[in-house]
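Below: data-v6.cif (mmCIF, C-alpha atoms)
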data_entry
loop_
_atom_site.label_atom_id
_atom_site.label_comp_id
_atom_site.auth_asym_id
_atom_site.auth_seq_id
_atom_site.Cartn_x
_atom_site.Cartn_y
_atom_site.Cartn_z
CA MET B 12 26.44 -25.45 127.56
CA LYS B 13 25.68 -23.57 124.38
CA THR B 14 22.86 -24.77 122.14
CA ASP B 15 25.24 -25.51 119.25
CA ASP B 16 27.44 -27.61 121.53
CA LEU B 17 24.41 -29.53 122.81
CA VAL B 18 23.20 -30.27 119.29
CA ALA B 19 26.67 -31.42 118.27
CA MET B 20 26.89 -33.71 121.30
CA LEU B 21 23.48 -35.28 120.63
CA ALA B 22 24.39 -35.81 116.98
CA THR B 23 27.65 -37.55 117.79
CA GLY B 24 27.55 -41.11 116.52
CA ALA B 25 24.11 -40.68 114.97
CA LEU B 26 23.55 -42.98 112.04
CA PRO B 27 20.84 -42.93 109.39
CA ALA B 28 17.94 -45.29 109.97
CA PRO B 29 18.17 -48.51 107.96
CA ARG B 30 16.32 -48.47 104.66
CA ARG B 31 12.83 -49.93 104.83
CA ALA B 32 13.04 -50.14 108.62
CA ALA B 33 9.35 -49.22 108.94
CA GLY B 34 8.29 -51.87 106.43
CA ARG B 35 10.31 -54.56 108.14
CA ARG B 36 9.00 -53.66 111.58
CA LEU B 37 5.40 -53.68 110.37
CA ALA B 38 5.90 -56.95 108.48
CA LEU B 39 7.20 -58.53 111.69
CA ALA B 40 4.16 -57.18 113.53
CA LEU B 41 1.90 -58.75 110.92
CA LEU B 42 3.72 -62.07 111.18
CA ALA B 43 3.36 -61.95 114.95
CA GLY B 44 -0.34 -61.08 114.97
CA LEU B 45 -1.63 -63.21 112.10
CA PRO B 46 -1.04 -66.62 113.78
CA LEU B 47 -2.99 -65.38 116.80
CA SER B 48 -5.87 -64.35 114.53
CA PHE B 49 -5.91 -67.84 113.05
CA ALA B 50 -5.74 -69.29 116.56
CA ILE B 51 -8.93 -67.41 117.44
CA LEU B 52 -10.52 -68.69 114.23
CA PHE B 53 -9.68 -72.33 114.89
CA THR B 54 -10.39 -72.38 118.61
CA GLU B 55 -13.54 -70.25 118.77
CA TYR B 56 -15.11 -70.55 115.31
CA GLY B 57 -13.68 -73.20 113.02
CA LEU B 58 -13.54 -73.33 109.25
CA ARG B 59 -16.76 -73.47 107.28
CA ARG B 60 -17.68 -77.09 106.57
CA ASP B 61 -17.88 -76.64 102.80
CA LEU B 62 -14.72 -74.57 102.43
CA VAL B 63 -13.30 -76.62 99.54
CA GLN B 64 -16.56 -76.38 97.62
CA ALA B 65 -16.92 -72.66 98.41
CA MET B 66 -13.52 -71.99 96.86
CA PHE B 67 -15.12 -72.59 93.45
CA TRP B 68 -17.67 -69.78 93.99
CA PRO B 69 -16.75 -66.24 92.79
CA MET B 70 -18.44 -64.52 95.74
CA PHE B 71 -16.27 -66.46 98.17
CA TRP B 72 -13.19 -64.88 96.60
CA VAL B 73 -14.83 -61.46 96.63
CA LYS B 74 -15.39 -61.94 100.36
CA VAL B 75 -11.75 -62.90 100.94
CA LEU B 76 -9.98 -60.60 98.49
CA PHE B 77 -11.71 -57.28 99.07
CA PRO B 78 -10.55 -57.06 102.72
CA LEU B 79 -7.09 -58.29 101.70
CA CYS B 80 -6.89 -55.43 99.19
CA ILE B 81 -7.80 -53.02 101.99
CA ALA B 82 -5.12 -54.57 104.20
CA ALA B 83 -2.47 -54.31 101.47
CA ALA B 84 -3.20 -50.63 100.82
CA ALA B 85 -3.32 -49.94 104.56
CA PHE B 86 0.08 -51.59 105.00
CA VAL B 87 1.52 -49.09 102.52
CA ALA B 88 -0.26 -46.23 104.28
CA VAL B 89 1.02 -47.26 107.71
CA GLN B 90 4.59 -47.49 106.40
CA ARG B 91 4.39 -43.95 105.08
CA LEU B 92 2.66 -42.53 108.14
CA ALA B 93 5.34 -44.11 110.34
CA ARG B 94 7.95 -41.75 108.86
CA PRO B 95 7.91 -37.95 109.29
CA GLY B 96 7.19 -35.97 106.16
CA VAL B 97 6.39 -38.95 103.92
CA PRO B 98 3.15 -38.39 101.95
CA VAL B 99 0.55 -41.15 101.94
CA ARG B 100 -0.25 -40.43 98.28
CA ARG B 101 -2.71 -42.91 96.74
CA ALA B 102 -2.73 -45.44 99.56
CA TRP B 103 -6.01 -43.96 100.84
CA VAL B 104 -7.53 -44.59 97.41
CA GLY B 105 -6.38 -48.20 97.64
CA ILE B 106 -8.20 -48.52 100.96
CA ALA B 107 -11.41 -46.89 99.75
CA ALA B 108 -11.64 -48.49 96.28
CA PRO B 109 -12.50 -52.06 97.47
CA VAL B 110 -15.17 -50.66 99.77
CA LEU B 111 -16.71 -48.64 96.94
CA ALA B 112 -16.61 -51.70 94.65
CA VAL B 113 -18.49 -53.82 97.20
CA TRP B 114 -21.02 -51.05 97.75
CA VAL B 115 -21.69 -50.90 94.00
CA MET B 116 -22.14 -54.68 93.90
CA ALA B 117 -24.46 -54.46 96.89
CA ALA B 118 -26.58 -51.74 95.30
CA LEU B 119 -26.96 -53.74 92.09
CA ALA B 120 -27.91 -56.89 94.00
CA TRP B 121 -30.35 -54.98 96.22
CA PHE B 122 -32.26 -53.22 93.44
CA ASN B 123 -32.34 -56.29 91.20
CA ALA B 124 -33.73 -58.55 93.94
CA PRO B 125 -37.46 -58.91 94.63
CA ALA B 126 -38.61 -56.81 97.58
CA GLU B 127 -39.21 -59.83 99.81
CA GLU B 128 -35.64 -61.06 99.30
CA ARG B 129 -33.83 -57.83 100.07
CA MET B 130 -33.71 -58.04 103.85
CA PRO B 131 -32.44 -61.65 103.86
CA LEU B 132 -29.69 -60.55 101.46
CA LEU B 133 -28.72 -57.80 103.87
CA MET B 134 -29.09 -59.53 107.23
CA GLY B 135 -28.14 -63.11 106.39
CA GLU B 136 -28.06 -65.41 109.42
CA SER B 137 -25.05 -64.00 111.26
CA TRP B 138 -25.37 -60.22 111.19
CA ARG B 139 -25.42 -60.04 114.99
CA VAL B 140 -21.93 -61.50 115.36
CA CYS B 141 -20.18 -60.61 112.10
CA ALA B 142 -18.72 -57.18 112.85
CA VAL B 143 -17.72 -58.09 116.39
CA SER B 144 -16.08 -61.32 115.18
CA ILE B 145 -14.05 -59.44 112.58
CA GLY B 146 -12.96 -56.99 115.26
CA LEU B 147 -11.93 -59.86 117.52
CA MET B 148 -9.83 -61.50 114.81
CA ALA B 149 -8.31 -58.13 113.94
CA LEU B 150 -7.23 -57.50 117.54
CA PRO B 151 -3.85 -59.34 117.49
CA VAL B 152 -2.70 -57.61 114.30
CA PHE B 153 -4.03 -54.29 115.56
CA ALA B 154 -2.11 -54.52 118.84
CA ALA B 155 1.07 -55.64 117.06
CA ALA B 156 0.81 -52.82 114.49
CA LEU B 157 0.34 -50.18 117.19
CA LEU B 158 3.32 -51.58 119.08
CA ALA B 159 5.41 -51.39 115.90
CA LEU B 160 4.30 -47.80 115.28
CA LYS B 161 5.20 -46.91 118.85
CA GLY B 162 8.83 -47.64 118.00
CA LEU B 163 8.75 -45.57 114.82
CA ALA B 164 8.13 -41.86 114.25
CA PRO B 165 4.52 -41.12 113.22
CA THR B 166 3.80 -37.40 113.23
CA ARG B 167 0.10 -37.87 112.44
CA PRO B 168 -0.87 -40.33 115.18
CA ALA B 169 -4.62 -40.31 114.54
CA LEU B 170 -4.16 -41.14 110.86
CA ALA B 171 -1.46 -43.69 111.68
CA GLY B 172 -3.74 -45.38 114.20
CA ALA B 173 -6.61 -45.41 111.71
CA ALA B 174 -4.39 -46.92 109.01
CA ALA B 175 -3.20 -49.58 111.47
CA GLY B 176 -6.87 -50.30 112.16
CA ALA B 177 -7.58 -50.68 108.44
CA LEU B 178 -4.66 -53.09 108.13
CA ALA B 179 -5.88 -55.14 111.08
CA GLY B 180 -9.52 -54.96 110.02
CA GLY B 181 -8.75 -56.16 106.50
CA VAL B 182 -6.73 -59.08 107.83
CA GLY B 183 -9.38 -59.91 110.42
CA ALA B 184 -12.16 -59.88 107.83
CA ALA B 185 -10.21 -62.14 105.47
CA VAL B 186 -9.55 -64.62 108.28
CA TYR B 187 -13.19 -64.55 109.40
CA ALA B 188 -14.28 -65.19 105.80
CA LEU B 189 -12.92 -68.72 106.14
CA HIS B 190 -15.63 -69.37 108.74
CA CYS B 191 -18.49 -67.15 107.55
CA MET B 192 -21.25 -68.74 105.49
CA GLU B 193 -22.64 -65.49 104.05
CA LEU B 194 -22.04 -64.79 100.36
CA THR B 195 -24.24 -61.85 99.41
CA ALA B 196 -22.89 -58.45 98.43
CA PRO B 197 -25.33 -56.46 100.63
CA PHE B 198 -24.19 -58.42 103.68
CA LEU B 199 -20.54 -57.78 102.89
CA ALA B 200 -21.18 -54.11 102.16
CA VAL B 201 -22.71 -53.49 105.58
CA TRP B 202 -21.41 -56.01 108.10
CA TYR B 203 -17.93 -56.72 106.75
CA VAL B 204 -17.29 -53.04 106.15
CA SER B 205 -18.58 -52.30 109.65
CA GLY B 206 -16.26 -54.93 111.10
CA ILE B 207 -13.29 -53.43 109.26
CA GLY B 208 -14.34 -49.92 110.25
CA LEU B 209 -14.42 -50.81 113.95
CA PRO B 210 -10.61 -51.02 114.42
CA VAL B 211 -10.21 -47.99 112.13
CA LEU B 212 -12.27 -45.88 114.52
CA VAL B 213 -10.55 -47.34 117.58
CA GLY B 214 -7.15 -46.67 116.00
CA ALA B 215 -8.06 -43.07 115.23
CA VAL B 216 -9.07 -42.55 118.87
CA LEU B 217 -6.13 -44.39 120.44
CA GLY B 218 -3.49 -43.11 118.04
CA PRO B 219 -3.05 -39.65 119.61
CA ARG B 220 -2.83 -41.25 123.06
CA LEU B 221 -0.56 -44.21 122.32
CA LEU B 222 1.61 -42.92 119.45
CA ARG B 223 2.46 -39.50 120.80
CA TRP B 224 6.19 -38.83 120.99
#

When written as structure tokens, how does the structure in this file appear?
Amino acid sequence: MKTDDLVAMLATGALPAPRRAAGRRLALALLAGLPLSFAILFTEYGLRRDLVQAMFWPMFWVKVLFPLCIAAAAFVAVQRLARPGVPVRRAWVGIAAPVLAVWVMAALAWFNAPAEERMPLLMGESWRVCAVSIGLMALPVFAAALLALKGLAPTRPALAGAAAGALAGGVGAAVYALHCMELTAPFLAVWYVSGIGLPVLVGAVLGPRLLRW
């Protein structure tokens, strides 16, 4: 069979992919993984006892919203990386900007605090479990996002895996924030960012292995 005949045969009946197919698939992955993240929260951790009162504190919303902003930007990045030839554009900036904002807040809090108060601001009472807990709550969304990407067409699998990790890490951190009692910017800048970074690194490593065509 000639090459032209083979190409014509393979193209027979081919239809364009539905518009926004990647976005819909990733949204379904998020809807599948998020309830499992909340299930981990409720069964293994529980909500913080003063959650209603904490909702009136600005730092509580910083703790919840900065990872959600990362997740939103990562969702856009994953959609674009799931399609060949689509540039990511400013989605990376959207992922990095909340992290930079928290680091600036942390630096201001650190240098304005008395020397004896700096380490408590940084370590809090839960530094040993924070990053691992965020990674655990990110796991369902991470697995669902990788599964969704597997059915799409990422040509940059390491970046796609890293973006899926940022999406999952942001969601996991926001869910964990409903349990976490810490409210200082230095703590968030180190331990929350580390927890979000964990699935990013895992995604970058696994992407070339799991998302290869």

I want to know what sits within 8 Å of Leu52 (chain B), based on all atoms listed in the file, with residues of the same chain fewer than 2 positions away left out; could you give that as a ChimeraX atom specification?
/B:48-50,54-58,148,186-187,190

Within 10 Å of Gly34 (chain B) using all atoms listed in the file, minus same-chain residues under 6 positions, as a PyMOL selection string
chain B and resi 40+86-87+89-91+93+159

Residues near Phe153 (chain B), anyone? I mean within 12 Å using all atoms listed in the file, not counting same-chain ones fewer than 6 positions away, as a ChimeraX atom specification.
/B:37,40-45,47-48,82,85-86,89,145-147,159-160,171-183,207,209-215,217-218

Given 3 Å on each side, where is the centre and what are the edge lengths in Å to one decimal of the axis-aligned box enclosing the listed atoms of region 121-138 of chain B, as AutoDock Vina command-line options?
--center_x -32.1 --center_y -59.3 --center_z 101.2 --size_x 20.2 --size_y 18.2 --size_z 26.1

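Residue membership of the PyMOL selection byres ((chain B and resi 110) around 9) in the shown file amounts to Phe77, Pro78, Ile81, Ile106, Ala107, Ala108, Pro109, Leu111, Ala112, Val113, Trp114, Val115, Ala200 and Val204 of chain B.
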